[in-house]
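Undergrad: Please read through the structure below; I'll follow up with questions.
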Amino acid sequence: MTWRATVLTLFPEMFPGPLGVSLAGRALAACLWALEARDIRDSATDRHRSVDDTPAGGGPGMVLRADVLARAIDAAEVSPDRPRLLMSPRGRPLTQSRVAELAAGPGPLVVCGRFEGVDQRVIEARGLEEVSVGDYVLSGGEIPAMALIDACVRLLPGVMGKAESGADESFSHGLLEYPQYTRPQEFEGRPIPEVLLSGDHARVDAWRRAEAEALTRARRTDLWAEWSRQIPPKDKTSG
């Protein structure tokens, strides 16, 4: 069965956007995955196609209505085995492990929020899992949805040229990825590290592991602390 992403948005014309080019775009053209962008406004019932209203209790902005969004979700006729996601800055942070889980399934329904947010009742009634792509606020959920879908698509069978291309990437093993180098052998006085030219695979692997640990320890103390708890001391190359 083809992996499928169903997106509910007020701006379906934004899709496929970046998902229609490069790796994801070629895979989409090859039918390795499918994308459906549905307009939430199609589920509005008044002549103005209204989808939002003022916040209960007062306050600035507008809130996406529960009844309209519920109808949009129901009209999508998504099977129960497909995750229902809401892109939201208050959601759980998206991780590579969650991406792998989503890529291994049939594909999600992704709701793109707008305005001040979505009526809490539809989140609860339709079992939406709130997902965040970072501690910042965007104009809507479309760009986060594209990021999530792209992260999933590249893990689908046949999308990357070599399946092992994703094996040593950042977050795949709890560490950031080690530095990469290619030709020319010297660039502006900076040579490729000698160990990478040695042909000694054991030394290369050890260097890469040490560099990944050092980068993670310096840049992501949260990842380093989690990795340090899970990996036995004898398997670490740095303290």
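Chain labels A, B, ... are given in the sequence in which chains occur in the structure tokens; within each chain residues are numbered consecutively from 1, and ligands are likewise numbered from 1 in the order shown.
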Can you pull out the residues contacting A:Gly140? Cut-off 9 Å, using only C-alpha atoms, and skip same-chain residues under 3 positions away; I want them as a VMD selection string.
TA: chain A and resid 87 to 88 112 to 115 137 143 to 144
Undergrad: What are the DSSP helix (DSSP H, G or I) residues of stretch 72-227 of chain A, as a PyMOL selection string?
TA: chain A and resi 72-75+96-103+120-125+142-153+163-166+194-197+201-219+221-227
Undergrad: Choose the residue, out of A:Leu86, A:Pro16, A:Thr9, A:Glu130, that has the smallest atom-to-atom separation from A:Val51; count only C-alpha atoms.
TA: A:Thr9
Undergrad: Write out as number ranges by chain the set of residues from stretch 34-232 of chain A that DSSP, computed on the backbone, places in strand (DSSP E or B).
TA: A: 34-39, 52-53, 63-64, 84-93, 109-112, 118, 129-132, 186-187, 190-191
Undergrad: Take the selection from the previous step and output its residues with N, CA and C atoms, as an mmCIF file, in the first residue's frame.
TA:
data_model
loop_
_atom_site.group_PDB
_atom_site.id
_atom_site.type_symbol
_atom_site.label_atom_id
_atom_site.label_comp_id
_atom_site.auth_asym_id
_atom_site.auth_seq_id
_atom_site.Cartn_x
_atom_site.Cartn_y
_atom_site.Cartn_z
ATOM 1 N N ALA A 34 1.962 9.343 -1.890
ATOM 2 C CA ALA A 34 0.862 10.141 -2.439
ATOM 3 C C ALA A 34 0.547 11.300 -1.505
ATOM 4 N N LEU A 35 0.076 12.392 -2.091
ATOM 5 C CA LEU A 35 -0.247 13.596 -1.329
ATOM 6 C C LEU A 35 -1.620 14.101 -1.736
ATOM 7 N N GLU A 36 -2.440 14.403 -0.736
ATOM 8 C CA GLU A 36 -3.751 15.004 -0.977
ATOM 9 C C GLU A 36 -3.892 16.221 -0.071
ATOM 10 N N ALA A 37 -4.068 17.404 -0.675
ATOM 11 C CA ALA A 37 -4.284 18.628 0.083
ATOM 12 C C ALA A 37 -5.755 19.018 -0.029
ATOM 13 N N ARG A 38 -6.434 19.089 1.114
ATOM 14 C CA ARG A 38 -7.866 19.367 1.148
ATOM 15 C C ARG A 38 -8.126 20.715 1.818
ATOM 16 N N ASP A 39 -9.052 21.473 1.244
ATOM 17 C CA ASP A 39 -9.377 22.807 1.740
ATOM 18 C C ASP A 39 -10.390 22.713 2.882
ATOM 19 N N ASP A 52 -13.656 30.424 11.242
ATOM 20 C CA ASP A 52 -13.135 30.857 12.527
ATOM 21 C C ASP A 52 -14.116 31.772 13.241
ATOM 22 N N ASP A 53 -13.839 32.022 14.522
ATOM 23 C CA ASP A 53 -14.655 32.926 15.316
ATOM 24 C C ASP A 53 -13.806 33.454 16.469
ATOM 25 N N VAL A 63 -10.133 31.913 16.332
ATOM 26 C CA VAL A 63 -9.905 30.501 16.619
ATOM 27 C C VAL A 63 -10.617 29.662 15.567
ATOM 28 N N LEU A 64 -9.961 28.631 15.075
ATOM 29 C CA LEU A 64 -10.557 27.723 14.094
ATOM 30 C C LEU A 64 -11.685 26.941 14.751
ATOM 31 N N ARG A 84 -3.584 10.912 13.256
ATOM 32 C CA ARG A 84 -4.177 12.226 13.011
ATOM 33 C C ARG A 84 -3.352 13.261 13.762
ATOM 34 N N LEU A 85 -2.653 14.096 13.015
ATOM 35 C CA LEU A 85 -1.706 15.033 13.597
ATOM 36 C C LEU A 85 -2.191 16.470 13.442
ATOM 37 N N LEU A 86 -1.890 17.300 14.422
ATOM 38 C CA LEU A 86 -2.130 18.733 14.354
ATOM 39 C C LEU A 86 -0.802 19.434 14.563
ATOM 40 N N MET A 87 -0.350 20.186 13.565
ATOM 41 C CA MET A 87 0.896 20.920 13.712
ATOM 42 C C MET A 87 0.635 22.103 14.635
ATOM 43 N N SER A 88 1.362 22.121 15.757
ATOM 44 C CA SER A 88 1.091 23.114 16.794
ATOM 45 C C SER A 88 2.357 23.388 17.591
ATOM 46 N N PRO A 89 2.673 24.665 17.896
ATOM 47 C CA PRO A 89 3.874 24.959 18.680
ATOM 48 C C PRO A 89 3.813 24.427 20.103
ATOM 49 N N ARG A 90 2.632 24.044 20.575
ATOM 50 C CA ARG A 90 2.536 23.499 21.925
ATOM 51 C C ARG A 90 2.576 21.966 21.931
ATOM 52 N N GLY A 91 2.763 21.362 20.762
ATOM 53 C CA GLY A 91 2.788 19.905 20.672
ATOM 54 C C GLY A 91 4.102 19.307 21.133
ATOM 55 N N ARG A 92 4.157 17.981 21.154
ATOM 56 C CA ARG A 92 5.412 17.295 21.468
ATOM 57 C C ARG A 92 6.401 17.518 20.334
ATOM 58 N N PRO A 93 7.659 17.768 20.644
ATOM 59 C CA PRO A 93 8.659 17.986 19.597
ATOM 60 C C PRO A 93 8.785 16.773 18.676
ATOM 61 N N LEU A 109 -2.863 11.834 8.537
ATOM 62 C CA LEU A 109 -3.681 13.009 8.237
ATOM 63 C C LEU A 109 -3.028 14.147 9.018
ATOM 64 N N VAL A 110 -2.729 15.256 8.352
ATOM 65 C CA VAL A 110 -2.049 16.379 8.993
ATOM 66 C C VAL A 110 -2.926 17.615 8.918
ATOM 67 N N VAL A 111 -3.295 18.142 10.068
ATOM 68 C CA VAL A 111 -4.099 19.353 10.148
ATOM 69 C C VAL A 111 -3.173 20.541 10.335
ATOM 70 N N CYS A 112 -3.327 21.555 9.484
ATOM 71 C CA CYS A 112 -2.525 22.770 9.574
ATOM 72 C C CYS A 112 -3.333 23.849 10.278
ATOM 73 N N VAL A 118 -6.721 26.189 17.476
ATOM 74 C CA VAL A 118 -7.855 25.336 17.113
ATOM 75 C C VAL A 118 -8.685 25.073 18.358
ATOM 76 N N GLU A 129 -3.173 14.355 17.527
ATOM 77 C CA GLU A 129 -1.880 14.374 18.215
ATOM 78 C C GLU A 129 -1.163 15.654 17.832
ATOM 79 N N GLU A 130 -0.917 16.518 18.803
ATOM 80 C CA GLU A 130 -0.257 17.784 18.520
ATOM 81 C C GLU A 130 1.252 17.581 18.385
ATOM 82 N N VAL A 131 1.813 18.120 17.304
ATOM 83 C CA VAL A 131 3.225 17.933 16.976
ATOM 84 C C VAL A 131 3.854 19.295 16.713
ATOM 85 N N SER A 132 5.037 19.522 17.298
ATOM 86 C CA SER A 132 5.771 20.766 17.105
ATOM 87 C C SER A 132 7.077 20.500 16.378
ATOM 88 N N GLU A 186 42.333 19.762 -0.457
ATOM 89 C CA GLU A 186 42.648 20.942 0.347
ATOM 90 C C GLU A 186 41.813 22.105 -0.139
ATOM 91 N N PHE A 187 41.220 22.855 0.789
ATOM 92 C CA PHE A 187 40.390 24.004 0.445
ATOM 93 C C PHE A 187 40.809 25.186 1.307
ATOM 94 N N ARG A 190 42.804 24.422 4.181
ATOM 95 C CA ARG A 190 42.204 23.462 5.119
ATOM 96 C C ARG A 190 42.163 22.080 4.472
ATOM 97 N N PRO A 191 42.983 21.147 4.938
ATOM 98 C CA PRO A 191 43.003 19.800 4.345
ATOM 99 C C PRO A 191 41.917 18.918 4.939
#
